[in-house]
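S.K.: Got a structure for you, start.cif, holding mmCIF, C-alpha atoms; chains and numbers go by the auth columns.
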```
data_upload
#
loop_
_atom_site.group_PDB
_atom_site.id
_atom_site.type_symbol
_atom_site.label_atom_id
_atom_site.label_comp_id
_atom_site.label_asym_id
_atom_site.label_seq_id
_atom_site.Cartn_x
_atom_site.Cartn_y
_atom_site.Cartn_z
_atom_site.B_iso_or_equiv
_atom_site.auth_seq_id
_atom_site.auth_asym_id
ATOM 1 C CA MET A 1 169.050 -206.981 -62.214 0.00 299 O
ATOM 2 C CA GLY A 2 172.855 -206.885 -62.131 0.00 300 O
ATOM 3 C CA PHE A 3 174.846 -203.934 -60.875 0.00 301 O
ATOM 4 C CA GLY A 4 175.976 -203.037 -64.381 0.00 302 O
ATOM 5 C CA ASP A 5 172.427 -202.939 -65.778 0.00 303 O
ATOM 6 C CA GLY A 6 170.630 -199.677 -66.387 0.00 304 O
ATOM 7 C CA VAL A 7 168.140 -198.507 -63.783 0.00 305 O
ATOM 8 C CA SER A 8 164.712 -197.744 -65.182 0.00 306 O
ATOM 9 C CA GLY A 9 161.849 -195.910 -63.569 0.00 307 O
ATOM 10 C CA GLU A 10 164.060 -194.147 -60.996 0.00 308 O
ATOM 11 C CA ASP A 11 162.215 -191.966 -58.511 0.00 309 O
ATOM 12 C CA LEU A 12 164.479 -188.940 -58.141 0.00 310 O
ATOM 13 C CA SER A 13 161.927 -186.769 -56.370 0.00 311 O
ATOM 14 C CA PRO A 14 163.154 -184.965 -53.228 0.00 312 O
ATOM 15 C CA ARG A 15 163.104 -187.037 -50.055 0.00 313 O
ATOM 16 C CA PRO A 16 163.697 -185.911 -46.478 0.00 314 O
ATOM 17 C CA GLY A 17 167.218 -186.526 -45.253 0.00 315 O
ATOM 18 C CA ARG A 18 167.945 -189.163 -42.650 0.00 316 O
ATOM 19 C CA ALA A 19 168.465 -188.189 -39.028 0.00 317 O
ATOM 20 C CA VAL A 20 171.975 -188.102 -37.560 0.00 318 O
ATOM 21 C CA HIS A 21 173.368 -187.917 -34.019 0.00 319 O
ATOM 22 C CA PRO A 22 172.130 -184.738 -32.263 0.00 320 O
ATOM 23 C CA GLY A 23 175.693 -183.461 -31.986 0.00 321 O
ATOM 24 C CA LEU A 24 176.040 -183.594 -35.772 0.00 322 O
ATOM 25 C CA GLU A 25 172.701 -182.050 -36.691 0.00 323 O
ATOM 26 C CA VAL A 26 174.183 -178.573 -37.189 0.00 324 O
ATOM 27 C CA LEU A 27 176.403 -180.066 -39.912 0.00 325 O
ATOM 28 C CA PHE A 28 173.499 -181.770 -41.680 0.00 326 O
ATOM 29 C CA PRO A 29 170.537 -179.366 -41.361 0.00 327 O
ATOM 30 C CA SER A 30 168.716 -181.186 -44.157 0.00 328 O
ATOM 31 C CA GLY A 31 169.681 -184.611 -42.855 0.00 329 O
ATOM 32 C CA LEU A 32 171.794 -187.231 -44.592 0.00 330 O
ATOM 33 C CA ARG A 33 170.995 -187.255 -48.294 0.00 331 O
ATOM 34 C CA PRO A 34 171.037 -190.217 -50.749 0.00 332 O
ATOM 35 C CA GLU A 35 174.596 -189.418 -51.827 0.00 333 O
ATOM 36 C CA VAL A 36 178.218 -190.376 -51.142 0.00 334 O
ATOM 37 C CA TYR A 37 180.041 -188.628 -48.282 0.00 335 O
ATOM 38 C CA CYS A 38 183.824 -188.829 -47.810 0.00 336 O
ATOM 39 C CA LEU A 39 184.969 -189.199 -44.197 0.00 337 O
ATOM 40 C CA ASN A 40 188.557 -188.408 -43.192 0.00 338 O
ATOM 41 C CA GLY A 41 189.855 -188.806 -39.666 0.00 339 O
ATOM 42 C CA SER A 42 188.116 -190.724 -36.882 0.00 340 O
ATOM 43 C CA ALA A 43 185.989 -193.503 -38.331 0.00 341 O
ATOM 44 C CA GLN A 44 183.933 -193.542 -35.119 0.00 342 O
ATOM 45 C CA VAL A 45 182.266 -190.268 -36.065 0.00 343 O
ATOM 46 C CA GLY A 46 180.790 -192.122 -39.034 0.00 344 O
ATOM 47 C CA LEU A 47 178.750 -194.141 -36.544 0.00 345 O
ATOM 48 C CA GLY A 48 176.895 -190.929 -35.707 0.00 346 O
ATOM 49 C CA LEU A 49 175.435 -191.038 -39.221 0.00 347 O
ATOM 50 C CA LEU A 50 173.899 -194.514 -38.817 0.00 348 O
ATOM 51 C CA LEU A 51 171.017 -193.695 -36.491 0.00 349 O
ATOM 52 C CA ASP A 52 168.122 -193.638 -38.940 0.00 350 O
ATOM 53 C CA GLY A 53 166.996 -197.025 -40.264 0.00 351 O
ATOM 54 C CA TRP A 54 169.007 -200.143 -41.105 0.00 352 O
ATOM 55 C CA CYS A 55 172.750 -199.725 -41.536 0.00 353 O
ATOM 56 C CA ALA A 56 175.982 -201.572 -42.275 0.00 354 O
ATOM 57 C CA VAL A 57 179.658 -201.112 -41.387 0.00 355 O
ATOM 58 C CA VAL A 58 181.957 -202.566 -44.052 0.00 356 O
ATOM 59 C CA GLY A 59 185.693 -203.223 -43.780 0.00 357 O
ATOM 60 C CA LEU A 60 186.073 -201.669 -40.311 0.00 358 O
ATOM 61 C CA PRO A 61 186.515 -204.549 -37.849 0.00 359 O
ATOM 62 C CA GLU A 62 187.921 -202.144 -35.229 0.00 360 O
ATOM 63 C CA LEU A 63 184.512 -200.481 -34.898 0.00 361 O
ATOM 64 C CA GLY A 64 182.673 -202.696 -32.453 0.00 362 O
ATOM 65 C CA VAL A 65 179.276 -202.679 -30.824 0.00 363 O
ATOM 66 C CA GLU A 66 180.447 -200.610 -27.851 0.00 364 O
ATOM 67 C CA ALA A 67 181.442 -197.705 -30.087 0.00 365 O
ATOM 68 C CA ALA A 68 178.172 -198.026 -31.997 0.00 366 O
ATOM 69 C CA ARG A 69 176.187 -197.997 -28.755 0.00 367 O
ATOM 70 C CA GLU A 70 178.063 -194.872 -27.609 0.00 368 O
ATOM 71 C CA TRP A 71 176.885 -193.029 -30.718 0.00 369 O
ATOM 72 C CA GLY A 72 173.309 -194.242 -30.289 0.00 370 O
ATOM 73 C CA VAL A 73 173.174 -196.784 -33.130 0.00 371 O
ATOM 74 C CA GLU A 74 170.366 -199.329 -32.830 0.00 372 O
ATOM 75 C CA LEU A 75 172.441 -202.522 -32.690 0.00 373 O
ATOM 76 C CA SER A 76 169.582 -204.756 -33.800 0.00 374 O
ATOM 77 C CA ARG A 77 169.539 -202.836 -37.102 0.00 375 O
ATOM 78 C CA MET A 78 173.279 -202.841 -37.746 0.00 376 O
ATOM 79 C CA VAL A 79 175.137 -205.300 -39.995 0.00 377 O
ATOM 80 C CA LEU A 80 178.907 -205.746 -39.516 0.00 378 O
ATOM 81 C CA ILE A 81 180.951 -206.988 -42.482 0.00 379 O
ATOM 82 C CA PRO A 82 184.669 -206.988 -41.531 0.00 380 O
ATOM 83 C CA ASP A 83 185.853 -208.316 -44.913 0.00 381 O
ATOM 84 C CA PRO A 84 183.645 -207.337 -47.866 0.00 382 O
ATOM 85 C CA GLY A 85 185.451 -209.453 -50.477 0.00 383 O
ATOM 86 C CA SER A 86 184.309 -207.806 -53.715 0.00 384 O
ATOM 87 C CA TRP A 87 183.800 -204.243 -52.471 0.00 385 O
ATOM 88 C CA LEU A 88 181.609 -202.992 -55.295 0.00 386 O
ATOM 89 C CA GLU A 89 179.287 -205.983 -55.378 0.00 387 O
ATOM 90 C CA THR A 90 178.995 -206.072 -51.574 0.00 388 O
ATOM 91 C CA VAL A 91 178.188 -202.376 -51.203 0.00 389 O
ATOM 92 C CA ALA A 92 175.821 -202.373 -54.187 0.00 390 O
ATOM 93 C CA THR A 93 173.906 -205.266 -52.623 0.00 391 O
ATOM 94 C CA LEU A 94 173.775 -203.612 -49.186 0.00 392 O
ATOM 95 C CA ILE A 95 172.318 -200.340 -50.442 0.00 393 O
ATOM 96 C CA GLU A 96 169.502 -202.291 -52.076 0.00 394 O
ATOM 97 C CA GLY A 97 168.169 -203.254 -48.665 0.00 395 O
ATOM 98 C CA LEU A 98 169.731 -200.893 -46.113 0.00 396 O
ATOM 99 C CA ASP A 99 169.461 -197.176 -45.441 0.00 397 O
ATOM 100 C CA VAL A 100 173.025 -196.085 -44.617 0.00 398 O
ATOM 101 C CA VAL A 101 176.331 -197.847 -45.295 0.00 399 O
ATOM 102 C CA LEU A 102 179.656 -196.877 -43.716 0.00 400 O
ATOM 103 C CA ALA A 103 182.566 -198.440 -45.592 0.00 401 O
ATOM 104 C CA VAL A 104 186.302 -198.158 -46.119 0.00 402 O
ATOM 105 C CA ALA A 105 186.954 -196.780 -49.597 0.00 403 O
ATOM 106 C CA PRO A 106 187.999 -199.342 -52.228 0.00 404 O
ATOM 107 C CA PRO A 107 191.591 -199.191 -53.564 0.00 405 O
ATOM 108 C CA SER A 108 190.161 -197.777 -56.773 0.00 406 O
ATOM 109 C CA ILE A 109 186.846 -197.482 -58.566 0.00 407 O
ATOM 110 C CA ALA A 110 186.118 -196.672 -62.201 0.00 408 O
ATOM 111 C CA PRO A 111 184.245 -193.384 -62.717 0.00 409 O
ATOM 112 C CA ALA A 112 181.436 -195.172 -64.578 0.00 410 O
ATOM 113 C CA ALA A 113 180.990 -197.664 -61.728 0.00 411 O
ATOM 114 C CA ALA A 114 180.968 -194.819 -59.192 0.00 412 O
ATOM 115 C CA GLN A 115 178.280 -193.005 -61.181 0.00 413 O
ATOM 116 C CA ARG A 116 176.105 -196.127 -61.357 0.00 414 O
ATOM 117 C CA LEU A 117 176.437 -196.618 -57.607 0.00 415 O
ATOM 118 C CA VAL A 118 175.392 -193.012 -56.940 0.00 416 O
ATOM 119 C CA ALA A 119 172.401 -193.435 -59.266 0.00 417 O
ATOM 120 C CA ARG A 120 171.371 -196.492 -57.293 0.00 418 O
ATOM 121 C CA LEU A 121 171.739 -194.617 -54.002 0.00 419 O
ATOM 122 C CA ARG A 122 169.417 -191.912 -55.246 0.00 420 O
ATOM 123 C CA SER A 123 166.928 -194.433 -56.570 0.00 421 O
ATOM 124 C CA ARG A 124 166.832 -196.364 -53.299 0.00 422 O
ATOM 125 C CA GLY A 125 167.110 -193.318 -51.025 0.00 423 O
ATOM 126 C CA SER A 126 170.184 -194.773 -49.310 0.00 424 O
ATOM 127 C CA SER A 127 173.376 -192.991 -48.186 0.00 425 O
ATOM 128 C CA LEU A 128 176.997 -194.131 -48.424 0.00 426 O
ATOM 129 C CA VAL A 129 179.708 -192.821 -46.090 0.00 427 O
ATOM 130 C CA VAL A 130 183.160 -193.729 -47.409 0.00 428 O
ATOM 131 C CA LEU A 131 186.228 -193.614 -45.187 0.00 429 O
ATOM 132 C CA GLY A 132 188.741 -192.240 -47.688 0.00 430 O
ATOM 133 C CA ASP A 133 188.499 -190.712 -51.150 0.00 431 O
ATOM 134 C CA TRP A 134 185.637 -190.893 -53.631 0.00 432 O
ATOM 135 C CA PRO A 135 185.306 -189.155 -57.019 0.00 433 O
ATOM 136 C CA HIS A 136 182.883 -186.220 -56.946 0.00 434 O
ATOM 137 C CA ALA A 137 181.604 -186.876 -53.435 0.00 435 O
ATOM 138 C CA HIS A 138 178.521 -184.959 -52.266 0.00 436 O
ATOM 139 C CA ALA A 139 180.407 -183.592 -49.248 0.00 437 O
ATOM 140 C CA ARG A 140 183.622 -184.067 -47.299 0.00 438 O
ATOM 141 C CA ILE A 141 183.641 -184.778 -43.561 0.00 439 O
ATOM 142 C CA ASP A 142 186.913 -184.048 -41.745 0.00 440 O
ATOM 143 C CA VAL A 143 187.511 -185.042 -38.131 0.00 441 O
ATOM 144 C CA ARG A 144 190.442 -184.108 -35.929 0.00 442 O
ATOM 145 C CA THR A 145 191.175 -184.521 -32.222 0.00 443 O
ATOM 146 C CA LEU A 146 191.636 -181.200 -30.423 0.00 444 O
ATOM 147 C CA GLY A 147 192.768 -182.735 -27.150 0.00 445 O
ATOM 148 C CA TRP A 148 192.155 -185.057 -24.238 0.00 446 O
ATOM 149 C CA GLN A 149 191.220 -184.258 -20.648 0.00 447 O
ATOM 150 C CA GLY A 150 192.032 -186.167 -17.481 0.00 448 O
ATOM 151 C CA LEU A 151 195.720 -186.912 -18.021 0.00 449 O
ATOM 152 C CA GLY A 152 198.513 -185.249 -16.081 0.00 450 O
ATOM 153 C CA ARG A 153 202.235 -185.816 -16.430 0.00 451 O
ATOM 154 C CA GLY A 154 202.446 -189.535 -15.923 0.00 452 O
ATOM 155 C CA TYR A 155 199.243 -189.870 -13.937 0.00 453 O
ATOM 156 C CA GLY A 156 195.464 -189.744 -14.254 0.00 454 O
ATOM 157 C CA ALA A 157 192.983 -191.403 -16.572 0.00 455 O
ATOM 158 C CA LEU A 158 191.331 -190.261 -19.773 0.00 456 O
ATOM 159 C CA GLU A 159 188.031 -188.558 -19.022 0.00 457 O
ATOM 160 C CA SER A 160 187.030 -186.935 -22.283 0.00 458 O
ATOM 161 C CA GLN A 161 188.071 -186.229 -25.848 0.00 459 O
ATOM 162 C CA ARG A 162 187.414 -183.057 -27.851 0.00 460 O
ATOM 163 C CA LEU A 163 186.746 -183.523 -31.545 0.00 461 O
ATOM 164 C CA GLU A 164 186.330 -180.980 -34.303 0.00 462 O
ATOM 165 C CA VAL A 165 184.055 -182.178 -37.085 0.00 463 O
ATOM 166 C CA ALA A 166 183.800 -180.169 -40.300 0.00 464 O
ATOM 167 C CA VAL A 167 181.614 -180.712 -43.351 0.00 465 O
ATOM 168 C CA THR A 168 182.554 -179.028 -46.623 0.00 466 O
ATOM 169 C CA ARG A 169 180.229 -178.844 -49.604 0.00 467 O
ATOM 170 C CA HIS A 170 180.419 -176.479 -52.580 0.00 468 O
ATOM 171 C CA HIS A 171 183.030 -174.308 -50.802 0.00 469 O
ATOM 172 C CA SER A 172 180.719 -173.915 -47.790 0.00 470 O
ATOM 173 C CA ARG A 173 182.113 -175.209 -44.499 0.00 471 O
ATOM 174 C CA ARG A 174 180.318 -176.009 -41.250 0.00 472 O
ATOM 175 C CA THR A 175 182.112 -177.024 -38.053 0.00 473 O
ATOM 176 C CA VAL A 176 181.151 -178.298 -34.626 0.00 474 O
ATOM 177 C CA THR A 177 183.213 -179.237 -31.568 0.00 475 O
ATOM 178 C CA LEU A 178 182.122 -182.391 -29.778 0.00 476 O
ATOM 179 C CA VAL A 179 183.079 -183.825 -26.395 0.00 477 O
ATOM 180 C CA ARG A 180 183.176 -187.581 -25.840 0.00 478 O
ATOM 181 C CA GLY A 181 182.992 -188.243 -22.127 0.00 479 O
ATOM 182 C CA ALA A 182 181.184 -190.010 -19.327 0.00 480 O
ATOM 183 C CA GLU A 183 177.925 -188.285 -20.263 0.00 481 O
ATOM 184 C CA GLY A 184 178.139 -189.485 -23.844 0.00 482 O
ATOM 185 C CA ILE A 185 178.777 -187.335 -26.895 0.00 483 O
ATOM 186 C CA THR A 186 177.735 -183.716 -26.611 0.00 484 O
ATOM 187 C CA VAL A 187 178.406 -180.370 -28.274 0.00 485 O
ATOM 188 C CA ALA A 188 181.115 -178.408 -26.460 0.00 486 O
ATOM 189 C CA ASP A 189 179.745 -175.531 -24.352 0.00 487 O
ATOM 190 C CA ASP A 190 182.523 -173.198 -25.496 0.00 488 O
ATOM 191 C CA GLN A 191 182.116 -173.970 -29.193 0.00 489 O
ATOM 192 C CA ASP A 192 183.240 -171.157 -31.470 0.00 490 O
ATOM 193 C CA ARG A 193 180.435 -170.290 -33.874 0.00 491 O
ATOM 194 C CA GLY A 194 182.124 -167.230 -35.295 0.00 492 O
ATOM 195 C CA SER A 195 184.304 -166.933 -38.405 0.00 493 O
ATOM 196 C CA GLY A 196 185.111 -170.317 -39.836 0.00 494 O
ATOM 197 C CA GLY A 197 182.280 -171.935 -37.902 0.00 495 O
ATOM 198 C CA VAL A 198 178.817 -172.820 -39.121 0.00 496 O
ATOM 199 C CA GLY A 199 178.359 -171.933 -42.776 0.00 497 O
ATOM 200 C CA ARG A 200 175.212 -170.841 -44.539 0.00 498 O
ATOM 201 C CA SER A 201 174.708 -173.504 -47.196 0.00 499 O
ATOM 202 C CA PRO A 202 173.257 -176.887 -46.139 0.00 500 O
ATOM 203 C CA ALA A 203 175.501 -179.936 -46.230 0.00 501 O
#
```
Please go through the file and, once you have read it, give me the structure as structure tokens.

M.R.:
Amino acid sequence: MGFGDGVSGEDLSPRPGRAVHPGLEVLFPSGLRPEVYCLNGSAQVGLGLLLDGWCAVVGLPELGVEAAREWGVELSRMVLIPDPGSWLETVATLIEGLDVVLAVAPPSIAPAAAQRLVARLRSRGSSLVVLGDWPHAHARIDVRTLGWQGLGRGYGALESQRLEVAVTRHHSRRTVTLVRGAEGITVADDQDRGSGGVGRSPA
């Protein structure tokens, strides 16, 4: 069946969401759903969404196996495609057989094609994380660096990085502060969970 063909017999019954990195669980209390998520900021955080099942990284040659290992991705279940060629056909094919796809957004996509791709995601139970914009995305993931530790004025070495990750869906916003350091990626001990922190609606 070609990508442009209609999908018959779709099973749209609720399915449990896919597991994510422990540091991101507060942002995805129901797990990763069979939808499209827009990621803005550090592409590496997207690797934290590829832990459950088979996955692919498309159009991001700078994301190597070391970064994937840091986030806990099972390398034997990860497919790397630096140059996707035809973006729509490549991604549509990948979601037929894989569970989560992380990909750079295409230069443009027709609304009808985007809708068909989302319908296929829901039918297959797969998730798509797009680095960039996407029409009517399920949720938006924003990442920003809060600071680095270990550097003085002209001396020292980088020891850790603090990242703020926020997920916005239906005007509800959840945030978490992560630390990337020698012990891996963990939730910051001094994380602010007050106003502007964890929201009430699931992402």

S.K.: Just how far from CA of Arg422 (chain O) is CA of His319 (chain O), in Å to one decimal?

M.R.: 22.0 Å

S.K.: Find the residue from O:Val355, O:Val371, O:Leu396, O:Leu426 that sits nearest to Arg331 (chain O); use only C-alpha atoms when measuring.

M.R.: O:Leu426

S.K.: Can you pull out the residues contacting Ala366 (chain O)? Cut-off 9 Å, using all atoms listed in the file, and skip same-chain residues under 4 positions away; I want them as a ChimeraX atom specification.

M.R.: /O:342,345-346,348,361-362,370-373,376

S.K.: To one decimal place, how far is CA of Asp381 (chain O) from CA of Val356 (chain O) in Å?

M.R.: 7.0 Å

S.K.: Can you list, as an MDAnalysis selection string, every protein, DNA or RNA residue that comes within 6 Å of Gly479 (chain O) when you count all atoms listed in the file, leaving out same-chain residues fewer than 2 positions away?

M.R.: chainID O and resid 457:458 481:482

S.K.: Fewer than 6 positions away in the same chain doesn't count, so skip those; otherwise give me all residues within 12 Å of Arg375 (chain O), counting only C-alpha atoms, as a ChimeraX atom specification.

M.R.: /O:348-355,363,366-367,395-399

S.K.: Rounded to one decimal in Å, what is the spacing between CA of Cys336 (chain O) and CA of Ser406 (chain O)?

M.R.: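 Value for the CA of Cys336 (chain O)-CA of Ser406 (chain O) distance: 14.2 Å.
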
S.K.: Would you kindly return, as a PyMOL selection string, each protein, DNA or RNA residue with an atom no farther than 7 Å from any atom of Leu429 (chain O), considering all atoms listed in the file and excluding same-chain residues fewer than 4 positions away?

M.R.: chain O and resi 336-338+341+401-403

S.K.: Give me, as a PDB file with C-alpha atoms, keeping the file's coordinate frame, all polymer residues having an atom no more than 9 Å from Val324 (chain O), counting only C-alpha atoms and skipping those fewer than 4 positions away in the same chain.

M.R.:
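Wrote it out as part_29.pdb, contents follow:
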```
ATOM      1  CA  PRO O 320     172.130-184.738 -32.263  1.00  0.00           C
ATOM      2  CA  ARG O 472     180.318-176.009 -41.250  1.00  0.00           C
ATOM      3  CA  THR O 473     182.112-177.024 -38.053  1.00  0.00           C
ATOM      4  CA  VAL O 474     181.151-178.298 -34.626  1.00  0.00           C
ATOM      5  CA  VAL O 496     178.817-172.820 -39.121  1.00  0.00           C
TER       6      VAL O 496
END
```

S.K.: Using all atoms listed in the file, which residue out of O:Leu476, O:Ala486, O:Leu419, O:Ile379 lies closest to Val441 (chain O)?

M.R.: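 Closest to Val441 (chain O) of all the choices is O:Leu476.
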
S.K.: Would you write out, as JSON lines, a table of all residues in region 323-366 of chain O that have an atom no more than 9 Å from an atom of region 461-469 of chain O, listing for each the closest atom pair and the distance in Å to one decimal, considering all atoms listed in the file and ordering rows by chain and rising residue number?

M.R.:
```
{"residue": "O:Leu325", "atom": "CA", "partner": "O:Val465", "partner_atom": "CA", "distance": 6.3}
{"residue": "O:Phe326", "atom": "CA", "partner": "O:Val465", "partner_atom": "CA", "distance": 8.4}
{"residue": "O:Val343", "atom": "CA", "partner": "O:Val463", "partner_atom": "CA", "distance": 8.3}
```

S.K.: Would you write out those residues with C-alpha atoms, as a PDB file, in the coordinates of the input?

M.R.:
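Below is the file again_39.pdb, written as the result:
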```pdb
ATOM      1  CA  LEU O 325     176.403-180.066 -39.912  1.00  0.00           C
ATOM      2  CA  PHE O 326     173.499-181.770 -41.680  1.00  0.00           C
ATOM      3  CA  VAL O 343     182.266-190.268 -36.065  1.00  0.00           C
TER       4      VAL O 343
END
```

S.K.: Using the chain letters and numbers from this file, what does the PyMOL selection byres ((chain O and resi 411) around 12) select? Give the answer as an MDAnalysis selection string.

M.R.: chainID O and resid 301:304 385:387 389:390 404 406:410 412:418 432:433

S.K.: Report the residues retrieved by the PyMOL selection byres ((chain O and resi 435) around 8) from the displayed file, expressed as a list in words.

M.R.: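 Checking the PyMOL selection byres ((chain O and resi 435) around 8) against this file, the residues are Glu333, Val334, Tyr335, Cys336, Trp432, Pro433, His434, His436, Ala437 and Arg438 of chain O.
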